[in-house]
file work.pdb (PDB, C-alpha atoms, pLDDT in the B column)
ATOM      1  CA  MET A   1     158.341  96.619 282.833  1.00 58.00           C
ATOM      2  CA  THR A   2     162.056  95.944 282.490  1.00 70.00           C
ATOM      3  CA  GLN A   3     164.288  96.522 285.526  1.00 76.00           C
ATOM      4  CA  PRO A   4     167.140  99.006 285.066  1.00 79.00           C
ATOM      5  CA  VAL A   5     170.540  97.431 284.535  1.00 84.00           C
ATOM      6  CA  THR A   6     172.992  98.217 287.355  1.00 88.00           C
ATOM      7  CA  THR A   7     176.012  96.171 286.261  1.00 91.00           C
ATOM      8  CA  PHE A   8     177.585  95.320 282.968  1.00 93.00           C
ATOM      9  CA  PRO A   9     176.940  91.759 281.757  1.00 93.00           C
ATOM     10  CA  LEU A  10     179.639  89.230 282.614  1.00 94.00           C
ATOM     11  CA  SER A  11     180.644  88.952 278.956  1.00 96.00           C
ATOM     12  CA  MET A  12     181.328  92.690 278.801  1.00 96.00           C
ATOM     13  CA  ARG A  13     183.307  92.623 282.043  1.00 96.00           C
ATOM     14  CA  ILE A  14     185.433  89.744 280.733  1.00 96.00           C
ATOM     15  CA  PHE A  15     186.077  91.600 277.466  1.00 96.00           C
ATOM     16  CA  HIS A  16     186.847  94.821 279.361  1.00 97.00           C
ATOM     17  CA  TRP A  17     189.380  93.391 281.816  1.00 96.00           C
ATOM     18  CA  GLY A  18     190.857  90.883 279.363  1.00 97.00           C
ATOM     19  CA  MET A  19     191.432  93.583 276.777  1.00 97.00           C
ATOM     20  CA  ALA A  20     192.773  95.928 279.454  1.00 97.00           C
ATOM     21  CA  ALA A  21     195.460  93.354 280.277  1.00 97.00           C
ATOM     22  CA  LEU A  22     196.151  92.669 276.591  1.00 98.00           C
ATOM     23  CA  VAL A  23     196.316  96.336 275.561  1.00 97.00           C
ATOM     24  CA  LEU A  24     198.521  97.388 278.480  1.00 97.00           C
ATOM     25  CA  SER A  25     200.856  94.461 277.749  1.00 96.00           C
ATOM     26  CA  MET A  26     200.988  95.415 274.081  1.00 96.00           C
ATOM     27  CA  ILE A  27     201.723  99.062 274.900  1.00 96.00           C
ATOM     28  CA  PHE A  28     204.543  98.149 277.299  1.00 93.00           C
ATOM     29  CA  ALA A  29     205.976  95.656 274.810  1.00 93.00           C
ATOM     30  CA  GLY A  30     205.756  98.209 272.004  1.00 92.00           C
ATOM     31  CA  LEU A  31     207.484 100.889 274.059  1.00 90.00           C
ATOM     32  CA  ALA A  32     210.201  98.453 275.149  1.00 88.00           C
ATOM     33  CA  MET A  33     210.817  97.222 271.589  1.00 87.00           C
ATOM     34  CA  VAL A  34     211.431 100.645 270.100  1.00 81.00           C
ATOM     35  CA  GLN A  35     213.923 101.430 272.877  1.00 76.00           C
ATOM     36  CA  SER A  36     215.960  98.262 272.605  1.00 71.00           C
ATOM     37  CA  LEU A  37     218.079  96.207 270.268  1.00 76.00           C
ATOM     38  CA  GLN A  38     218.530  93.422 272.814  1.00 83.00           C
ATOM     39  CA  THR A  39     218.477  89.756 271.838  1.00 85.00           C
ATOM     40  CA  TRP A  40     214.882  89.414 273.127  1.00 86.00           C
ATOM     41  CA  GLN A  41     213.556  92.112 270.779  1.00 86.00           C
ATOM     42  CA  PRO A  42     212.753  89.856 267.752  1.00 88.00           C
ATOM     43  CA  THR A  43     210.832  87.410 269.975  1.00 91.00           C
ATOM     44  CA  VAL A  44     208.816  90.205 271.590  1.00 92.00           C
ATOM     45  CA  LEU A  45     208.195  91.747 268.158  1.00 93.00           C
ATOM     46  CA  ALA A  46     206.831  88.439 266.820  1.00 95.00           C
ATOM     47  CA  LEU A  47     204.549  88.087 269.864  1.00 96.00           C
ATOM     48  CA  HIS A  48     203.491  91.739 269.536  1.00 96.00           C
ATOM     49  CA  LYS A  49     202.402  91.153 265.937  1.00 97.00           C
ATOM     50  CA  ALA A  50     200.528  87.928 266.750  1.00 98.00           C
ATOM     51  CA  PHE A  51     198.783  89.431 269.764  1.00 98.00           C
ATOM     52  CA  GLY A  52     197.928  92.448 267.594  1.00 98.00           C
ATOM     53  CA  VAL A  53     195.816  90.105 265.455  1.00 98.00           C
ATOM     54  CA  VAL A  54     194.238  88.727 268.635  1.00 98.00           C
ATOM     55  CA  ALA A  55     193.517  92.309 269.760  1.00 98.00           C
ATOM     56  CA  LEU A  56     191.807  93.141 266.459  1.00 98.00           C
ATOM     57  CA  VAL A  57     189.569  90.074 266.659  1.00 98.00           C
ATOM     58  CA  ALA A  58     188.858  90.776 270.337  1.00 98.00           C
ATOM     59  CA  VAL A  59     187.848  94.398 269.774  1.00 98.00           C
ATOM     60  CA  LEU A  60     185.568  93.343 266.921  1.00 98.00           C
ATOM     61  CA  LEU A  61     183.894  90.729 269.143  1.00 98.00           C
ATOM     62  CA  ARG A  62     183.776  93.224 271.989  1.00 97.00           C
ATOM     63  CA  LEU A  63     182.008  95.809 269.840  1.00 97.00           C
ATOM     64  CA  ILE A  64     179.467  93.238 268.644  1.00 98.00           C
ATOM     65  CA  ASN A  65     178.900  92.199 272.267  1.00 97.00           C
ATOM     66  CA  ARG A  66     178.519  95.852 273.308  1.00 96.00           C
ATOM     67  CA  LEU A  67     175.949  96.563 270.603  1.00 96.00           C
ATOM     68  CA  ARG A  68     173.904  93.524 271.668  1.00 96.00           C
ATOM     69  CA  SER A  69     174.020  94.149 275.430  1.00 95.00           C
ATOM     70  CA  ARG A  70     172.043  96.293 277.822  1.00 93.00           C
ATOM     71  CA  VAL A  71     174.337  98.471 279.906  1.00 93.00           C
ATOM     72  CA  PRO A  72     173.844 100.599 283.008  1.00 92.00           C
ATOM     73  CA  ALA A  73     172.849 104.212 282.501  1.00 91.00           C
ATOM     74  CA  LEU A  74     175.205 106.932 283.621  1.00 92.00           C
ATOM     75  CA  PRO A  75     174.202 108.638 286.884  1.00 92.00           C
ATOM     76  CA  ALA A  76     171.278 111.032 286.370  1.00 92.00           C
ATOM     77  CA  ASP A  77     173.097 113.845 288.180  1.00 94.00           C
ATOM     78  CA  LEU A  78     176.191 113.672 285.954  1.00 93.00           C
ATOM     79  CA  PRO A  79     176.841 117.065 284.304  1.00 94.00           C
ATOM     80  CA  GLY A  80     176.121 117.187 280.575  1.00 95.00           C
ATOM     81  CA  TRP A  81     179.730 117.792 279.624  1.00 96.00           C
ATOM     82  CA  GLN A  82     180.777 114.659 281.527  1.00 94.00           C
ATOM     83  CA  VAL A  83     178.095 112.596 279.785  1.00 94.00           C
ATOM     84  CA  PHE A  84     179.406 113.885 276.457  1.00 97.00           C
ATOM     85  CA  ALA A  85     183.022 113.235 277.508  1.00 96.00           C
ATOM     86  CA  ALA A  86     182.176 109.678 278.612  1.00 95.00           C
ATOM     87  CA  LYS A  87     180.443 108.828 275.353  1.00 96.00           C
ATOM     88  CA  ALA A  88     183.061 110.535 273.172  1.00 97.00           C
ATOM     89  CA  SER A  89     185.955 108.898 275.010  1.00 97.00           C
ATOM     90  CA  HIS A  90     184.402 105.456 274.547  1.00 96.00           C
ATOM     91  CA  VAL A  91     183.973 106.053 270.814  1.00 97.00           C
ATOM     92  CA  LEU A  92     187.585 107.260 270.617  1.00 98.00           C
ATOM     93  CA  LEU A  93     188.803 104.253 272.620  1.00 98.00           C
ATOM     94  CA  TYR A  94     187.093 101.861 270.215  1.00 98.00           C
ATOM     95  CA  ALA A  95     188.503 103.799 267.241  1.00 98.00           C
ATOM     96  CA  ALA A  96     192.015 103.590 268.686  1.00 98.00           C
ATOM     97  CA  LEU A  97     191.597  99.901 269.555  1.00 98.00           C
ATOM     98  CA  PHE A  98     190.760  99.240 265.901  1.00 98.00           C
ATOM     99  CA  ALA A  99     193.378 101.630 264.484  1.00 98.00           C
ATOM    100  CA  MET A 100     196.304 100.179 266.446  1.00 98.00           C
ATOM    101  CA  PRO A 101     196.330  96.646 265.000  1.00 98.00           C
ATOM    102  CA  ILE A 102     195.208  97.813 261.564  1.00 98.00           C
ATOM    103  CA  SER A 103     198.012 100.391 261.348  1.00 98.00           C
ATOM    104  CA  GLY A 104     200.479  97.775 262.604  1.00 97.00           C
ATOM    105  CA  TYR A 105     199.382  95.306 259.941  1.00 98.00           C
ATOM    106  CA  LEU A 106     199.544  97.983 257.246  1.00 98.00           C
ATOM    107  CA  MET A 107     203.036  98.931 258.444  1.00 97.00           C
ATOM    108  CA  GLN A 108     204.166  95.296 258.128  1.00 97.00           C
ATOM    109  CA  SER A 109     202.469  95.042 254.732  1.00 97.00           C
ATOM    110  CA  ALA A 110     204.280  98.145 253.489  1.00 98.00           C
ATOM    111  CA  ALA A 111     207.523  96.503 254.637  1.00 97.00           C
ATOM    112  CA  GLY A 112     206.605  93.507 252.470  1.00 97.00           C
ATOM    113  CA  ARG A 113     206.302  91.256 255.532  1.00 97.00           C
ATOM    114  CA  ALA A 114     203.628  88.721 256.326  1.00 97.00           C
ATOM    115  CA  VAL A 115     202.385  88.511 259.917  1.00 98.00           C
ATOM    116  CA  ASP A 116     202.936  85.121 261.539  1.00 97.00           C
ATOM    117  CA  VAL A 117     200.121  84.415 264.007  1.00 98.00           C
ATOM    118  CA  PHE A 118     201.679  82.031 266.544  1.00 97.00           C
ATOM    119  CA  GLY A 119     202.829  79.706 263.755  1.00 96.00           C
ATOM    120  CA  VAL A 120     199.195  78.776 263.072  1.00 97.00           C
ATOM    121  CA  PHE A 121     198.670  80.930 259.983  1.00 97.00           C
ATOM    122  CA  MET A 122     200.187  83.872 258.148  1.00 97.00           C
ATOM    123  CA  LEU A 123     198.514  87.119 257.176  1.00 97.00           C
ATOM    124  CA  PRO A 124     200.028  88.020 253.809  1.00 98.00           C
ATOM    125  CA  PRO A 125     201.154  91.562 253.024  1.00 97.00           C
ATOM    126  CA  LEU A 126     198.431  93.650 251.397  1.00 96.00           C
ATOM    127  CA  MET A 127     200.867  95.550 249.158  1.00 96.00           C
ATOM    128  CA  SER A 128     204.324  95.448 247.700  1.00 96.00           C
ATOM    129  CA  ALA A 129     207.119  96.795 249.857  1.00 97.00           C
ATOM    130  CA  ASP A 130     207.042 100.595 249.804  1.00 97.00           C
ATOM    131  CA  LEU A 131     209.308 102.613 252.081  1.00 97.00           C
ATOM    132  CA  VAL A 132     207.147 105.751 251.895  1.00 98.00           C
ATOM    133  CA  TRP A 133     203.982 103.919 252.951  1.00 98.00           C
ATOM    134  CA  TYR A 134     205.947 102.039 255.606  1.00 98.00           C
ATOM    135  CA  GLY A 135     206.946 105.400 257.100  1.00 97.00           C
ATOM    136  CA  VAL A 136     203.373 106.686 256.954  1.00 98.00           C
ATOM    137  CA  PHE A 137     201.949 103.602 258.689  1.00 98.00           C
ATOM    138  CA  ARG A 138     204.763 103.527 261.248  1.00 97.00           C
ATOM    139  CA  GLU A 139     204.039 107.144 262.190  1.00 97.00           C
ATOM    140  CA  MET A 140     200.321 106.384 262.293  1.00 98.00           C
ATOM    141  CA  HIS A 141     200.953 103.400 264.583  1.00 97.00           C
ATOM    142  CA  SER A 142     203.047 105.589 266.895  1.00 96.00           C
ATOM    143  CA  TRP A 143     200.565 108.473 267.044  1.00 97.00           C
ATOM    144  CA  VAL A 144     197.623 106.158 267.629  1.00 98.00           C
ATOM    145  CA  ALA A 145     199.629 104.534 270.449  1.00 97.00           C
ATOM    146  CA  TYR A 146     200.178 107.943 272.083  1.00 97.00           C
ATOM    147  CA  ALA A 147     196.494 108.790 271.668  1.00 98.00           C
ATOM    148  CA  LEU A 148     195.502 105.420 273.125  1.00 98.00           C
ATOM    149  CA  ILE A 149     197.774 105.972 276.122  1.00 97.00           C
ATOM    150  CA  ALA A 150     196.211 109.404 276.700  1.00 97.00           C
ATOM    151  CA  LEU A 151     192.687 107.974 276.371  1.00 98.00           C
ATOM    152  CA  LEU A 152     193.526 105.189 278.825  1.00 97.00           C
ATOM    153  CA  VAL A 153     194.834 107.710 281.354  1.00 97.00           C
ATOM    154  CA  VAL A 154     191.607 109.730 281.040  1.00 97.00           C
ATOM    155  CA  HIS A 155     189.501 106.544 281.234  1.00 96.00           C
ATOM    156  CA  ILE A 156     191.285 105.317 284.367  1.00 96.00           C
ATOM    157  CA  ALA A 157     191.132 108.764 285.977  1.00 96.00           C
ATOM    158  CA  ALA A 158     187.392 108.993 285.296  1.00 95.00           C
ATOM    159  CA  ALA A 159     186.833 105.498 286.694  1.00 94.00           C
ATOM    160  CA  LEU A 160     188.733 106.403 289.850  1.00 95.00           C
ATOM    161  CA  GLN A 161     186.814 109.668 290.143  1.00 94.00           C
ATOM    162  CA  HIS A 162     183.536 107.748 289.970  1.00 93.00           C
ATOM    163  CA  GLY A 163     184.746 105.057 292.378  1.00 91.00           C
ATOM    164  CA  LEU A 164     186.608 107.114 294.958  1.00 93.00           C
ATOM    165  CA  LEU A 165     185.106 110.619 294.848  1.00 93.00           C
ATOM    166  CA  ARG A 166     181.559 110.355 293.532  1.00 91.00           C
ATOM    167  CA  GLN A 167     181.020 106.780 294.755  1.00 91.00           C
ATOM    168  CA  ASP A 168     178.112 106.550 292.332  1.00 90.00           C
ATOM    169  CA  GLY A 169     178.395 102.887 291.317  1.00 88.00           C
ATOM    170  CA  VAL A 170     179.912 103.474 287.876  1.00 90.00           C
ATOM    171  CA  LEU A 171     183.197 101.762 288.767  1.00 90.00           C
ATOM    172  CA  LYS A 172     181.429  98.936 290.610  1.00 91.00           C
ATOM    173  CA  SER A 173     179.230  98.298 287.573  1.00 91.00           C
ATOM    174  CA  MET A 174     182.289  97.145 285.621  1.00 90.00           C
ATOM    175  CA  TRP A 175     184.007  95.559 288.592  1.00 84.00           C
ATOM    176  CA  LYS A 176     181.509  93.150 290.090  1.00 78.00           C
ATOM    177  CA  ARG A 177     177.885  92.125 290.223  1.00 63.00           C
TER     178      ARG A 177
END
call {"tool": "encode", "arguments": {"input": "work.pdb", "output": "C-alpha cells"}}
result
Amino acid sequence: MTQPVTTFPLSMRIFHWGMAALVLSMIFAGLAMVQSLQTWQPTVLALHKAFGVVALVAVLLRLINRLRSRVPALPADLPGWQVFAAKASHVLLYAALFAMPISGYLMQSAAGRAVDVFGVFMLPPLMSADLVWYGVFREMHSWVAYALIALLVVHIAAALQHGLLRQDGVLKSMWKR
C-alpha cells in the first residue's frame, strides 16, 4: 500500500517559490513601468518582456510537473466550500499565469513589435500592427494582472490561515520536507 504524501515534491516546491519570486517581480516591474517615463523604463520593459517568455515556459513546465506528481491531500476536516475554493483558486491561478504572458505577447504583436528574449532570439509578431487589437490586448493584460494580484492575495491569505490559525500542515507541505 502506498504511503500518503505529506509534502510536495522538491521539484514542485522549487517551481512554486521560483515562480512566486518571478511573478511578484514581474508585477512590481509592470506597475512601476506604467507609472513612469524615467530613463530606466525601456530597460525594465525589455527585461519584463524577456522574463514574460521565461514565465510562460516555466508555467508550462510547472503544469506538466504538477500533473505528473503526487501531492498531499487537503485536510479531511476542511469545509467543503474551502476545498472548492482551494481547487478553483489554483485553476484560476494557472489560467492567469498563462494569460499574462500570452496577452503581453499578443499586445506586442498587435503593436507590430517582436519580443527580444535576452538577445538570444526574437519572437516575431503574430500579426500586422493594429491599434484596435493593441488596445484590446493591453486592456486584457491589465485586467489579468489585477485578477492575478487578487488571486495572489487570496492564496497568501489562505496559506497564512493554514499555517498560523489552523496549523494543519498545509503551509509546511510547500515550505519544507
call {"tool": "atom_distance", "arguments": {"input": "work.pdb", "atom1": "atom CA of Pro125 of chain A", "atom2": "atom CA of Arg113 of chain A"}}
result
5.7 Å
call {"tool": "closest_residue", "arguments": {"input": "work.pdb", "among": "A:Met12, A:Ala99, A:Ala88, A:Val44", "to": "Arg62 of chain A", "atoms": "all atoms listed in the file"}}
result
A:Met12
call {"tool": "closest_residue", "arguments": {"input": "work.pdb", "among": "A:Ile149, A:Ser69, A:Tyr105, A:Val5", "to": "Val117 of chain A", "atoms": "all atoms listed in the file"}}
result
A:Tyr105
call {"tool": "resolve_selection", "arguments": {"input": "work.pdb", "expression": "the PyMOL selection byres ((chain A and resi 137) around 8)", "output": "ChimeraX atom specification"}}
result
/A:103-104,106-107,110,133-136,138-141
call {"tool": "residues_around", "arguments": {"input": "work.pdb", "residues": "segment 163-175 of chain A", "least_positions_apart": "4", "cutoff": "12 Å", "atoms": "all atoms listed in the file", "output": "list in words"}}
result
Val5, Thr6, Thr7, Phe8, Pro9, Leu10, Ser11, Met12, Arg13, Ile14, Phe15, His16, Trp17, Val71, Pro72, Ala73, Leu74, Pro75, Ala76, Asp77, Leu78, Ala86, His155, Ile156, Ala157, Ala158 and Ala159 of chain A
